[in-house]
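Structure file model_24.cif (mmCIF, C-alpha atoms) follows.
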data_data
#
loop_
_atom_site.label_atom_id
_atom_site.label_comp_id
_atom_site.auth_asym_id
_atom_site.auth_seq_id
_atom_site.Cartn_x
_atom_site.Cartn_y
_atom_site.Cartn_z
CA MET A 1010 0.00 0.00 0.00
CA THR A 1011 1.30 3.43 -0.93
CA THR A 1012 2.23 5.81 1.88
CA LYS A 1013 2.60 8.97 -0.20
CA THR A 1014 0.91 12.08 1.07
CA LYS A 1015 -2.27 12.89 -0.84
CA GLN A 1016 -3.69 16.36 -1.32
CA ALA A 1017 -7.07 16.64 0.36
CA ARG A 1018 -9.86 17.43 -2.08
CA LYS A 1019 -13.35 18.78 -1.57
CA LEU A 1020 -16.32 16.79 -2.80
CA ILE A 1021 -16.91 19.62 -5.26
CA GLU A 1022 -13.87 21.48 -6.55
CA GLY A 1023 -14.62 24.63 -8.50
CA ARG A 1024 -17.73 24.57 -10.70
CA PRO A 1025 -19.70 21.30 -10.90
CA ALA A 1026 -22.03 19.76 -13.45
CA LEU A 1027 -24.39 16.85 -12.90
CA ILE A 1028 -23.85 14.19 -15.57
CA VAL A 1029 -26.86 11.86 -15.97
CA VAL A 1030 -25.54 8.87 -17.88
CA ASP A 1031 -27.95 6.85 -20.03
CA ILE A 1032 -31.08 7.09 -17.91
CA GLN A 1033 -33.41 6.38 -20.80
CA LYS A 1034 -37.04 5.35 -21.22
CA SER A 1035 -36.19 1.64 -21.46
CA THR A 1036 -35.63 1.53 -17.71
CA PHE A 1037 -39.21 2.61 -17.11
CA ILE A 1038 -41.20 1.07 -19.97
CA ASP A 1039 -39.38 -2.20 -20.68
CA ASP A 1040 -40.23 -4.84 -18.07
CA SER A 1041 -39.00 -7.76 -20.19
CA GLU A 1042 -37.63 -10.64 -18.17
CA VAL A 1043 -34.76 -10.96 -20.65
CA ARG A 1044 -33.26 -7.57 -21.52
CA SER A 1045 -30.71 -6.57 -24.15
CA ILE A 1046 -28.38 -5.46 -21.34
CA ASP A 1047 -28.19 -7.10 -17.91
CA ASN A 1048 -29.11 -4.94 -14.91
CA MET A 1049 -28.29 -5.62 -11.26
CA PRO A 1050 -31.19 -6.08 -8.80
CA GLY A 1051 -32.70 -2.75 -7.80
CA TYR A 1052 -31.39 -1.00 -10.91
CA LYS A 1053 -34.63 0.88 -11.65
CA GLN A 1054 -34.87 2.17 -8.07
CA ARG A 1055 -31.32 3.52 -8.33
CA MET A 1056 -32.22 5.44 -11.48
CA ILE A 1057 -35.35 6.82 -9.79
CA ALA A 1058 -33.17 7.96 -6.88
CA ALA A 1059 -31.08 10.02 -9.30
CA ARG A 1060 -34.07 12.35 -9.69
CA ASP A 1061 -33.17 13.82 -6.29
CA LEU A 1062 -29.79 14.86 -7.69
CA VAL A 1063 -31.40 16.48 -10.73
CA ASP A 1064 -33.81 18.42 -8.52
CA ALA A 1065 -30.98 19.59 -6.26
CA ALA A 1066 -28.93 20.68 -9.26
CA HIS A 1067 -31.84 22.66 -10.69
CA GLU A 1068 -32.50 24.34 -7.34
CA ASN A 1069 -28.88 25.42 -7.06
CA LYS A 1070 -28.25 26.38 -10.69
CA VAL A 1071 -25.83 23.52 -11.33
CA PRO A 1072 -25.77 22.54 -15.04
CA VAL A 1073 -27.46 19.21 -15.80
CA ILE A 1074 -26.17 17.22 -18.77
CA PHE A 1075 -28.10 14.16 -19.93
CA VAL A 1076 -25.98 11.67 -21.86
CA GLN A 1077 -27.92 9.47 -24.28
CA GLU A 1078 -26.63 6.31 -25.94
CA VAL A 1079 -28.17 6.04 -29.40
CA HIS A 1080 -27.35 3.97 -32.48
CA ARG A 1081 -28.43 4.14 -36.12
CA PRO A 1082 -31.11 1.62 -37.11
CA ASP A 1083 -28.78 -0.07 -39.62
CA GLN A 1084 -26.38 -0.76 -36.70
CA VAL A 1085 -23.41 0.62 -38.62
CA ASP A 1086 -22.08 2.46 -35.56
CA PHE A 1087 -22.12 -0.37 -33.01
CA GLY A 1088 -18.52 -1.34 -33.76
CA ARG A 1089 -17.36 -4.04 -31.34
CA GLU A 1090 -20.12 -3.25 -28.82
CA LEU A 1091 -22.10 -6.40 -29.66
CA ASP A 1092 -19.10 -8.72 -29.35
CA GLY A 1093 -19.65 -9.12 -25.60
CA ASP A 1094 -22.78 -9.78 -23.54
CA GLU A 1095 -24.86 -6.89 -24.88
CA ASP A 1096 -27.55 -7.38 -27.52
CA ILE A 1097 -28.89 -4.70 -29.91
CA HIS A 1098 -30.11 -1.70 -27.93
CA CYS A 1099 -30.71 2.07 -28.01
CA LEU A 1100 -31.75 2.36 -31.66
CA GLU A 1101 -32.85 5.71 -33.11
CA GLY A 1102 -36.65 5.93 -33.33
CA ASP A 1103 -37.26 3.36 -30.58
CA PRO A 1104 -39.27 4.98 -27.73
CA ARG A 1105 -37.08 3.11 -25.23
CA THR A 1106 -34.04 5.07 -26.45
CA GLU A 1107 -35.42 8.48 -25.54
CA VAL A 1108 -34.03 10.29 -22.49
CA ALA A 1109 -36.33 9.70 -19.50
CA LYS A 1110 -37.24 13.39 -19.35
CA ASP A 1111 -40.46 13.06 -17.35
CA GLU A 1112 -39.02 10.64 -14.80
CA MET A 1113 -35.83 12.67 -14.35
CA GLY A 1114 -37.41 16.12 -14.22
CA TYR A 1115 -35.73 17.42 -17.36
CA ARG A 1116 -36.06 21.19 -17.74
CA LYS A 1117 -35.57 23.65 -20.56
CA GLY A 1118 -31.94 24.72 -20.31
CA ASP A 1119 -30.66 21.23 -19.54
CA TYR A 1120 -28.31 19.69 -22.08
CA ILE A 1121 -28.45 16.40 -24.00
CA VAL A 1122 -25.29 14.81 -25.41
CA PRO A 1123 -25.91 11.83 -27.71
CA LYS A 1124 -23.12 9.25 -27.96
CA ARG A 1125 -22.34 6.17 -30.06
CA ARG A 1126 -19.86 4.64 -27.64
CA TYR A 1127 -19.62 4.01 -23.90
CA SER A 1128 -17.76 7.17 -22.88
CA ALA A 1129 -19.55 10.51 -23.08
CA PHE A 1130 -16.22 11.98 -24.25
CA PHE A 1131 -15.69 9.70 -27.25
CA GLY A 1132 -16.77 11.20 -30.57
CA THR A 1133 -19.10 13.81 -29.00
CA ASP A 1134 -19.09 17.52 -28.17
CA PHE A 1135 -19.24 16.76 -24.43
CA GLU A 1136 -15.88 18.30 -23.59
CA ILE A 1137 -16.60 21.40 -25.68
CA LEU A 1138 -19.77 21.81 -23.60
CA LEU A 1139 -17.92 21.27 -20.31
CA ARG A 1140 -15.30 23.85 -21.22
CA GLY A 1141 -17.96 26.33 -22.30
CA LEU A 1142 -19.66 25.87 -18.93
CA LYS A 1143 -16.26 26.16 -17.17
CA VAL A 1144 -16.86 22.89 -15.32
CA ASP A 1145 -14.25 21.48 -12.93
CA THR A 1146 -16.11 18.64 -11.18
CA LEU A 1147 -18.23 15.93 -12.81
CA LEU A 1148 -20.96 14.46 -10.60
CA LEU A 1149 -21.91 11.16 -12.23
CA CYS A 1150 -25.10 9.14 -11.88
CA GLY A 1151 -26.90 6.62 -14.09
CA GLY A 1152 -25.77 3.42 -15.73
CA LEU A 1153 -24.06 1.16 -16.17
CA THR A 1154 -21.63 1.61 -13.28
CA ASP A 1155 -19.17 -0.82 -14.85
CA VAL A 1156 -19.53 0.39 -18.43
CA CYS A 1157 -20.68 3.89 -19.47
CA VAL A 1158 -20.30 5.52 -16.04
CA HIS A 1159 -16.86 3.96 -15.54
CA TYR A 1160 -15.62 4.81 -19.04
CA THR A 1161 -16.85 8.40 -18.75
CA PHE A 1162 -15.23 8.70 -15.32
CA VAL A 1163 -11.89 7.44 -16.66
CA ASP A 1164 -11.90 9.83 -19.62
CA GLY A 1165 -12.88 12.67 -17.29
CA HIS A 1166 -10.02 11.73 -14.98
CA GLN A 1167 -7.57 11.63 -17.88
CA SER A 1168 -8.83 15.05 -19.00
CA ASP A 1169 -8.05 16.41 -15.51
CA TYR A 1170 -11.61 16.83 -14.24
CA PHE A 1171 -12.46 16.07 -10.64
CA CYS A 1172 -14.84 13.10 -10.87
CA ARG A 1173 -17.38 11.90 -8.31
CA VAL A 1174 -19.75 8.97 -8.70
CA VAL A 1175 -22.93 8.78 -6.62
CA GLU A 1176 -22.90 5.14 -5.51
CA ASP A 1177 -26.61 4.84 -4.68
CA CYS A 1178 -27.66 6.53 -7.94
CA VAL A 1179 -25.72 4.28 -10.30
CA GLY A 1180 -26.42 0.67 -11.23
CA GLY A 1181 -24.28 -2.00 -12.83
CA SER A 1182 -24.74 -5.07 -14.98
CA SER A 1183 -24.36 -7.10 -11.78
CA VAL A 1184 -23.70 -6.36 -8.12
CA GLN A 1185 -20.16 -7.70 -8.47
CA ALA A 1186 -19.42 -5.57 -11.54
CA HIS A 1187 -20.96 -2.50 -9.87
CA GLU A 1188 -18.81 -2.87 -6.76
CA ALA A 1189 -15.64 -3.56 -8.75
CA ALA A 1190 -16.19 -0.47 -10.89
CA LEU A 1191 -16.72 1.73 -7.84
CA LYS A 1192 -13.48 0.39 -6.37
CA ALA A 1193 -11.62 1.09 -9.62
CA MET A 1194 -12.91 4.68 -9.73
CA GLU A 1195 -12.00 5.28 -6.10
CA TYR A 1196 -8.50 4.04 -6.92
CA LEU A 1197 -8.11 6.81 -9.49
CA GLN A 1198 -9.40 9.64 -7.30
CA THR A 1199 -9.59 9.28 -3.54
CA GLY A 1200 -13.04 10.39 -2.39
CA ALA A 1201 -14.57 9.75 -5.81
CA VAL A 1202 -17.28 7.44 -4.46
CA GLN A 1203 -19.93 9.44 -2.64
CA ASN A 1204 -23.56 8.88 -1.62
CA ARG A 1205 -26.62 10.85 -2.67
CA GLU A 1206 -27.05 12.59 0.69
CA ALA A 1207 -23.48 13.90 0.72
CA VAL A 1208 -23.63 15.09 -2.88
CA ILE A 1209 -26.93 16.90 -2.41
CA LYS A 1210 -25.52 18.56 0.71
CA ALA A 1211 -22.46 19.68 -1.23
CA ILE A 1212 -24.60 21.01 -4.09
CA SER A 1213 -26.83 22.87 -1.65
CA SER A 1214 -23.78 24.45 0.03
CA LEU A 1215 -22.47 26.08 -3.12
#

Taking this structure as input, can you express it in the form of structure tokens?
Amino acid sequence: MTTKTKQARKLIEGRPALIVVDIQKSTFIDDSEVRSIDNMPGYKQRMIAARDLVDAAHENKVPVIFVQEVHRPDQVDFGRELDGDEDIHCLEGDPRTEVAKDEMGYRKGDYIVPKRRYSAFFGTDFEILLRGLKVDTLLLCGGLTDVCVHYTFVDGHQSDYFCRVVEDCVGGSSVQAHEAALKAMEYLQTGAVQNREAVIKAISSL
């Protein structure tokens, strides 16, 4: 175990933005027993809990950015994404692909960033938006903990953003994958894993 001295960081450093990763209509309207992507038990409840973060961000004028995975109907932009456990998902024109605006309390003035890959940074204008908003800290919620949240966190980390993941407002493909991803993110930034209560308190204290 390393013994080097670490610089203490606040939960929110500088200007934050709430990043709502892939909370889409499928979570609320697709009750299929077999889904195109595996979800851990309690996944839907974790996405519902993220609404509290959105409300707190709105109340305190923190930018809210909804990230939306979406693929062309001819599947030309899936790349290697279907080589693993995931089946075809998030196609343009499918009602399940739409951002869960009603459930998440989307407001005029919020942002939507569509993406073709796991990370919100890859092949999108996400970082242009973050820089325009002068964001320093990314507050991440949504799914999957072990895939799109993790990949976005890592790219945010490598782009020198402070990254925080709200552990009770993210859900993984399995409990084991969820917990492993949280551990991996905490390894990159000490204090990265936070709970909803602490994050809302920090937002409200800005």

Using all atoms listed in the file, which residues sit within 8 Å of Arg1055 in chain A once same-chain residues fewer than 6 positions away are excluded, as a PyMOL selection string?
chain A and resi 1151+1177-1180

Could you tell me which residues the PyMOL selection byres ((chain A and resi 1101) around 9) returns for this structure, as a PDB file with C-alpha atoms, in the coordinates of the input?
ATOM      1  CA  VAL A1079     -28.170   6.040 -29.400  1.00  0.00           C
ATOM      2  CA  HIS A1080     -27.350   3.970 -32.480  1.00  0.00           C
ATOM      3  CA  ARG A1081     -28.430   4.140 -36.120  1.00  0.00           C
ATOM      4  CA  PRO A1082     -31.110   1.620 -37.110  1.00  0.00           C
ATOM      5  CA  CYS A1099     -30.710   2.070 -28.010  1.00  0.00           C
ATOM      6  CA  LEU A1100     -31.750   2.360 -31.660  1.00  0.00           C
ATOM      7  CA  GLY A1102     -36.650   5.930 -33.330  1.00  0.00           C
ATOM      8  CA  ASP A1103     -37.260   3.360 -30.580  1.00  0.00           C
ATOM      9  CA  PRO A1104     -39.270   4.980 -27.730  1.00  0.00           C
ATOM     10  CA  THR A1106     -34.040   5.070 -26.450  1.00  0.00           C
ATOM     11  CA  GLU A1107     -35.420   8.480 -25.540  1.00  0.00           C
TER      12      GLU A1107
END

Could you tell me which residues the PyMOL selection byres ((chain A and resi 1208) around 12) returns for this structure, as a PDB file with C-alpha atoms, in the coordinates of the input?
ATOM      1  CA  LYS A1019     -13.350  18.780  -1.570  1.00  0.00           C
ATOM      2  CA  LEU A1020     -16.320  16.790  -2.800  1.00  0.00           C
ATOM      3  CA  ILE A1021     -16.910  19.620  -5.260  1.00  0.00           C
ATOM      4  CA  PRO A1025     -19.700  21.300 -10.900  1.00  0.00           C
ATOM      5  CA  ALA A1026     -22.030  19.760 -13.450  1.00  0.00           C
ATOM      6  CA  LEU A1027     -24.390  16.850 -12.900  1.00  0.00           C
ATOM      7  CA  ALA A1059     -31.080  10.020  -9.300  1.00  0.00           C
ATOM      8  CA  ASP A1061     -33.170  13.820  -6.290  1.00  0.00           C
ATOM      9  CA  LEU A1062     -29.790  14.860  -7.690  1.00  0.00           C
ATOM     10  CA  VAL A1063     -31.400  16.480 -10.730  1.00  0.00           C
ATOM     11  CA  ALA A1065     -30.980  19.590  -6.260  1.00  0.00           C
ATOM     12  CA  ALA A1066     -28.930  20.680  -9.260  1.00  0.00           C
ATOM     13  CA  THR A1146     -16.110  18.640 -11.180  1.00  0.00           C
ATOM     14  CA  LEU A1147     -18.230  15.930 -12.810  1.00  0.00           C
ATOM     15  CA  LEU A1148     -20.960  14.460 -10.600  1.00  0.00           C
ATOM     16  CA  LEU A1149     -21.910  11.160 -12.230  1.00  0.00           C
ATOM     17  CA  CYS A1150     -25.100   9.140 -11.880  1.00  0.00           C
ATOM     18  CA  ARG A1173     -17.380  11.900  -8.310  1.00  0.00           C
ATOM     19  CA  VAL A1174     -19.750   8.970  -8.700  1.00  0.00           C
ATOM     20  CA  VAL A1175     -22.930   8.780  -6.620  1.00  0.00           C
ATOM     21  CA  GLU A1176     -22.900   5.140  -5.510  1.00  0.00           C
ATOM     22  CA  ASP A1177     -26.610   4.840  -4.680  1.00  0.00           C
ATOM     23  CA  CYS A1178     -27.660   6.530  -7.940  1.00  0.00           C
ATOM     24  CA  GLY A1200     -13.040  10.390  -2.390  1.00  0.00           C
ATOM     25  CA  ALA A1201     -14.570   9.750  -5.810  1.00  0.00           C
ATOM     26  CA  VAL A1202     -17.280   7.440  -4.460  1.00  0.00           C
ATOM     27  CA  GLN A1203     -19.930   9.440  -2.640  1.00  0.00           C
ATOM     28  CA  ASN A1204     -23.560   8.880  -1.620  1.00  0.00           C
ATOM     29  CA  ARG A1205     -26.620  10.850  -2.670  1.00  0.00           C
ATOM     30  CA  GLU A1206     -27.050  12.590   0.690  1.00  0.00           C
ATOM     31  CA  ALA A1207     -23.480  13.900   0.720  1.00  0.00           C
ATOM     32  CA  ILE A1209     -26.930  16.900  -2.410  1.00  0.00           C
ATOM     33  CA  LYS A1210     -25.520  18.560   0.710  1.00  0.00           C
ATOM     34  CA  ALA A1211     -22.460  19.680  -1.230  1.00  0.00           C
ATOM     35  CA  ILE A1212     -24.600  21.010  -4.090  1.00  0.00           C
ATOM     36  CA  SER A1213     -26.830  22.870  -1.650  1.00  0.00           C
ATOM     37  CA  SER A1214     -23.780  24.450   0.030  1.00  0.00           C
ATOM     38  CA  LEU A1215     -22.470  26.080  -3.120  1.00  0.00           C
TER      39      LEU A1215
END

Find the residues near Ser1183 in chain A: any atom within 9 Å, counting all atoms listed in the file, skip ones fewer than 2 places away on the same chain, and give them as a ChimeraX atom specification.
/A:1047-1050,1155,1180-1181,1185-1188

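One distance worth recording is that between CA of Asp1083 in chain A and CA of Ile1038 in chain A, which is 23.3 Å.
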
Of the candidates A:Leu1191, A:Ile1074, A:Leu1139, A:Val1030, which shows the shortest atom-to-atom distance to Tyr1120 in chain A, using all atoms listed in the file?
A:Ile1074

Determine, counting all atoms listed in the file, every residue of protein, DNA or RNA that lies within 9 Å of (-32.6, 19.3, -19.8) in the file coordinates, then give the result as a PyMOL selection string.
chain A and resi 1072-1075+1110+1114-1121
